[in-house]
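Peer 1: After the structure tokens below, expect a handful of questions from me.
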2 protein chains.
Amino acid sequence: MANTYGLRERKKQRTRRALIEAAIELFERQGYDATTVAQIAAAADVSTRTFFSYFPAKEDILFADTHDRLAAAAEAITGRAPGERPADVLLRIVQRVLEPGSADVELFGRLAPVRVRLLTTTPALQGHALRRLFEGQRRLAGDLHRAFPADLDPVTAAAVVGSFMGALMAAAAVAVTAAGGLDALAPGRQEEVAAQLRRAVVVPLDGIRALETG
Amino acid sequence: MANTYGLRERKKQRTRRALIEAAIELFERQGYDATTVAQIAAAADVSTRTFFSYFPAKEDILFADTHDRLAAAAEAITGRAPGERPADVLLRIVQRVLEPGSADVELFGRLAPVRVRLLTTTPALQGHALRRLFEGQRRLAGDLHRAFPADLDPVTAAAVVGSFMGALMAAAAVAVTAAGGLDALAPGRQEEVAAQLRRAVVVPLDGIRALETG
DNA sequence: CCAGAAAATCACATCGAGTGCAATTTTGCA
DNA sequence: TGCAAAATTGCACTCGATGTGATTTTCTGG
């Protein structure tokens, strides 16, 4: 009788998971730069060479969950309520993306905070993260254009998404560093930062709503 | 008799220039990845090791002009006309940044197009460029907050700059790729793309102006 | 003009990320 | 059980980047 997934596939999932867990552990303990791929591979009991057949680069292991999150964002667009406007959809995306919602909740739930922490201290990762964000925006802009073809041509849709995400990210960066940087994710500070971000997104949303009424 | 700059300084400028010119030449001919630092150094008649005492990394040689451009942007804020609003200042910045305006006009004038061309084809550079852009935004947000302390708290100022630049960059990305990607910088296409961008920035500007009137 | 200080360049040596390849082991399936 | 496909592995290699210590070049004061 066939299996949900063959043994081969299950084993691959297991090593993938082991690699991510080993990386989380090592990154937390030693930092990103001080951790070598060889160490991660050794901790997961595979050869260094095998690491690169699971992740194209060292950085990518930190972004193992972004695929699911982007899919959730895309689904928030396609599965919009009738009568919902672009601005509403964008607001719903941020809420939805920040939820767990993945198939591997507790693993990815551990991954995201580590990433945030490392991003504030490791410049090499910032470029990578921004690149992924930018590419994600591009996809969402396409989805948004297809969802509202009458209102948003491709370039305007990109401007809408870019305006929203750009404001959100820039505001988040200064809000987090202003809030002590290190432990801005502590339960207390978290709401404080969230409140600032809610005020920040008003700026792009006003512009987007002005587009709709025109 | 003392000199405008000592021989030491002049020689350094010359080597720096030679490195940039060699890099431009090689990048254009072979692409970014296929060009090694050793080749650039050899073409400029210095050792490989010396390259890294001029530029911290291979990528940085492509961004030799950004310091001047960021300074011009900052000056556009501090030297604003009385009564000028944030939205007006931002518009003036993009115009000013796109002008030559540097001390080394013709060299940097050659550098920028090469960078744009390589950015569309070399993922490794995109992350670096976005990182610089983000950092530049951070500075401008600080300047903007200081220029309009009554209207813009630090987080809102970041949202304003991020919203504007985010829309501009996202729109530029899809406009350029839609316009054939490769030669979207040809004299004919250039105006076409510029027109799309002028429409795109309306989105964030509306939101920013709404902030002012409130 | 010369000697010594300071700075720039250089030739290594080394490390880590990433790739190509060929051998070997493991898994799937008949 | 046996064969084909796929995954893993070790190895050699390239390239970017850094540390070090020797060497050369420039600057300064006498």
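Just so we're on the same page: first chain in the structure tokens is A, next is B, and so on; residues restart at 1 for each chain, and ligands are numbered from 1 in the order they show up.
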Counting only C-alpha atoms (C1' of nucleotides), which residues from chain A have an atom at most 10 Å from any atom of chain D, and could you show them as a VMD selection string?
Peer 2: chain A and resid 8 12 46 to 50 53
Peer 1: Write a file of the selected residues as a compact mmCIF listing (two decimals), in the first residue's frame, keeping C-alpha atoms.
Peer 2:
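The file below, selection_20.txt, is the result:
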# COMPACT_ATOMS: atom_id res chain seq x y z
CA ARG A 8 12.67 8.75 0.17
CA LYS A 12 14.43 14.24 2.79
CA VAL A 46 25.20 15.11 6.60
CA SER A 47 28.16 16.10 4.50
CA THR A 48 28.87 19.73 3.74
CA ARG A 49 28.22 19.01 0.11
CA THR A 50 24.73 17.76 0.88
CA SER A 53 21.60 20.25 -2.36
Peer 1: Contacts from chain C to chain B, 12 Å maximum, only C-alpha atoms (C1' of nucleotides): show me the residue list as a ChimeraX atom specification.
Peer 2: /C:6-12
Peer 1: Print the selection's residues with C-alpha atoms (C1' of nucleotides) to a file, as a PDB file, in the first residue's frame.
Peer 2:
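Once everything was written out, this is selection_3.pdb:
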ATOM      1  C1'  DA C   6      54.642  57.182   8.054  1.00  0.00           C
ATOM      2  C1'  DA C   7      51.884  55.252   4.713  1.00  0.00           C
ATOM      3  C1'  DA C   8      50.898  52.489   0.818  1.00  0.00           C
ATOM      4  C1'  DT C   9      51.688  48.326  -1.660  1.00  0.00           C
ATOM      5  C1'  DC C  10      52.833  43.776  -1.993  1.00  0.00           C
ATOM      6  C1'  DA C  11      53.376  38.699  -1.647  1.00  0.00           C
ATOM      7  C1'  DC C  12      52.107  35.259   0.703  1.00  0.00           C
TER       8       DC C  12
END
Peer 1: Considering only C-alpha atoms, extract the chain B residues located within 8 Å of chain A and return them as a PyMOL selection string.
Peer 2: chain B and resi 126-131+134+137-138+154-156+158-172+174-175+196+199-208+210-211
Peer 1: Just N, CA and C atoms for this one: save the residues we selected as a tab-separated table (two decimals), in the first residue's frame.
Peer 2:
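Just written: part-v9.tsv:
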chain	number	residue	atom	x	y	z
B	126	GLN	N	21.54	42.93	-6.71
B	126	GLN	CA	20.25	43.51	-6.33
B	126	GLN	C	20.15	43.66	-4.82
B	127	GLY	N	20.56	42.64	-4.10
B	127	GLY	CA	20.52	42.72	-2.65
B	127	GLY	C	21.37	43.87	-2.14
B	128	HIS	N	22.54	44.00	-2.71
B	128	HIS	CA	23.43	45.06	-2.28
B	128	HIS	C	22.83	46.44	-2.56
B	129	ALA	N	22.26	46.58	-3.73
B	129	ALA	CA	21.66	47.86	-4.10
B	129	ALA	C	20.50	48.20	-3.18
B	130	LEU	N	19.67	47.22	-2.90
B	130	LEU	CA	18.51	47.47	-2.04
B	130	LEU	C	18.95	47.83	-0.63
B	131	ARG	N	20.00	47.19	-0.18
B	131	ARG	CA	20.52	47.50	1.15
B	131	ARG	C	20.98	48.95	1.23
B	134	PHE	N	17.95	51.23	1.18
B	134	PHE	CA	17.26	51.22	2.47
B	134	PHE	C	18.00	52.08	3.48
B	137	GLN	N	17.47	55.65	2.65
B	137	GLN	CA	16.14	56.08	3.10
B	137	GLN	C	16.14	56.45	4.57
B	138	ARG	N	16.84	55.62	5.34
B	138	ARG	CA	16.92	55.85	6.77
B	138	ARG	C	17.50	57.23	7.07
B	154	PRO	N	9.70	60.79	13.96
B	154	PRO	CA	10.67	59.92	13.25
B	154	PRO	C	10.02	58.76	12.50
B	155	VAL	N	9.06	58.11	13.12
B	155	VAL	CA	8.46	56.94	12.45
B	155	VAL	C	7.64	57.38	11.24
B	156	THR	N	6.87	58.43	11.39
B	156	THR	CA	6.08	58.91	10.26
B	156	THR	C	6.98	59.39	9.13
B	158	ALA	N	9.85	58.22	8.39
B	158	ALA	CA	10.32	57.01	7.72
B	158	ALA	C	9.23	56.44	6.81
B	159	ALA	N	8.00	56.47	7.28
B	159	ALA	CA	6.90	55.97	6.47
B	159	ALA	C	6.75	56.80	5.20
B	160	VAL	N	6.92	58.10	5.33
B	160	VAL	CA	6.81	58.99	4.17
B	160	VAL	C	7.88	58.66	3.13
B	161	VAL	N	9.12	58.62	3.58
B	161	VAL	CA	10.22	58.33	2.65
B	161	VAL	C	10.08	56.92	2.08
B	162	GLY	N	9.78	55.96	2.94
B	162	GLY	CA	9.64	54.59	2.49
B	162	GLY	C	8.51	54.41	1.51
B	163	SER	N	7.42	55.07	1.77
B	163	SER	CA	6.28	55.00	0.87
B	163	SER	C	6.64	55.54	-0.51
B	164	PHE	N	7.32	56.66	-0.51
B	164	PHE	CA	7.68	57.30	-1.78
B	164	PHE	C	8.69	56.46	-2.55
B	165	MET	N	9.79	56.11	-1.90
B	165	MET	CA	10.83	55.35	-2.58
B	165	MET	C	10.36	53.95	-2.94
B	166	GLY	N	9.57	53.36	-2.07
B	166	GLY	CA	9.06	52.02	-2.34
B	166	GLY	C	8.21	52.00	-3.60
B	167	ALA	N	7.33	52.98	-3.72
B	167	ALA	CA	6.49	53.06	-4.91
B	167	ALA	C	7.35	53.30	-6.15
B	168	LEU	N	8.31	54.20	-6.01
B	168	LEU	CA	9.16	54.54	-7.15
B	168	LEU	C	9.94	53.33	-7.64
B	169	MET	N	10.54	52.62	-6.71
B	169	MET	CA	11.38	51.48	-7.10
B	169	MET	C	10.55	50.33	-7.67
B	170	ALA	N	9.46	50.01	-7.01
B	170	ALA	CA	8.62	48.91	-7.48
B	170	ALA	C	8.07	49.23	-8.87
B	171	ALA	N	7.61	50.46	-9.04
B	171	ALA	CA	7.08	50.85	-10.35
B	171	ALA	C	8.18	50.82	-11.40
B	172	ALA	N	9.35	51.30	-11.04
B	172	ALA	CA	10.47	51.30	-11.99
B	172	ALA	C	10.81	49.88	-12.42
B	174	VAL	N	8.90	47.15	-12.63
B	174	VAL	CA	7.99	46.54	-13.61
B	174	VAL	C	7.95	47.36	-14.90
B	175	ALA	N	8.12	48.66	-14.79
B	175	ALA	CA	8.09	49.48	-16.01
B	175	ALA	C	9.27	49.14	-16.91
B	196	GLN	N	5.51	56.82	-17.04
B	196	GLN	CA	4.86	55.86	-16.15
B	196	GLN	C	5.23	56.13	-14.70
B	199	ARG	N	3.40	59.01	-13.14
B	199	ARG	CA	2.05	58.63	-12.70
B	199	ARG	C	2.12	57.78	-11.44
B	200	ALA	N	3.16	56.96	-11.34
B	200	ALA	CA	3.25	56.04	-10.20
B	200	ALA	C	3.43	56.80	-8.89
B	201	VAL	N	4.26	57.84	-8.89
B	201	VAL	CA	4.53	58.53	-7.63
B	201	VAL	C	3.33	59.32	-7.13
B	202	VAL	N	2.32	59.44	-7.97
B	202	VAL	CA	1.10	60.12	-7.50
B	202	VAL	C	0.52	59.37	-6.30
B	203	VAL	N	0.60	58.05	-6.34
B	203	VAL	CA	0.02	57.23	-5.28
B	203	VAL	C	0.57	57.62	-3.90
B	204	PRO	N	1.87	57.50	-3.68
B	204	PRO	CA	2.37	57.87	-2.36
B	204	PRO	C	2.22	59.36	-2.08
B	205	LEU	N	2.37	60.20	-3.10
B	205	LEU	CA	2.30	61.64	-2.85
B	205	LEU	C	0.93	62.06	-2.34
B	206	ASP	N	-0.11	61.42	-2.85
B	206	ASP	CA	-1.45	61.73	-2.34
B	206	ASP	C	-1.53	61.44	-0.85
B	207	GLY	N	-0.97	60.31	-0.45
B	207	GLY	CA	-0.99	59.97	0.97
B	207	GLY	C	-0.18	60.94	1.79
B	208	ILE	N	0.93	61.38	1.27
B	208	ILE	CA	1.80	62.31	2.01
B	208	ILE	C	1.14	63.68	2.12
B	210	ALA	N	-2.01	64.23	2.12
B	210	ALA	CA	-3.13	64.11	3.06
B	210	ALA	C	-2.65	64.32	4.48
B	211	LEU	N	-1.42	63.95	4.72
B	211	LEU	CA	-0.82	64.10	6.04
B	211	LEU	C	-0.65	65.59	6.38
Peer 1: Report, in Å to a single decimal, how far apart CA of Ile93 in chain A and CA of Ala72 in chain A are.
Peer 2: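 If I compute the distance from CA of Ala72 in chain A to CA of Ile93 in chain A, I get 7.9 Å.
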Peer 1: Just want the 8 Å neighbourhood of range 13-16 of chain A, counted on only C-alpha atoms (C1' of nucleotides), with same-chain residues fewer than 3 positions away dropped. Output as a ChimeraX atom specification.
Peer 2: /A:9-10,19-20,44,54
Peer 1: Could those selected residues go to a file with C-alpha atoms, as a PDB file, in the first residue's frame?
Peer 2:
ATOM      1  CA  GLU A   9      10.547  11.856   0.517  1.00  0.00           C
ATOM      2  CA  ARG A  10      10.083  11.447   4.253  1.00  0.00           C
ATOM      3  CA  LEU A  19      19.436  21.225   8.939  1.00  0.00           C
ATOM      4  CA  ILE A  20      17.087  24.069   9.834  1.00  0.00           C
ATOM      5  CA  ALA A  44      22.612  17.530  11.071  1.00  0.00           C
ATOM      6  CA  TYR A  54      18.978  21.376   0.146  1.00  0.00           C
TER       7      TYR A  54
END
Peer 1: Please run DSSP on the backbone and report, as a ChimeraX atom specification, all residues within range 84-202 of chain A that come out as alpha helix (DSSP H).
Peer 2: /A:86-98,105-119,123-147,154-178,187-200,202
Peer 1: Could you check how far CA of Arg29 in chain A sits from CA of Leu133 in chain A, in Å to one decimal?
Peer 2: 26.6 Å
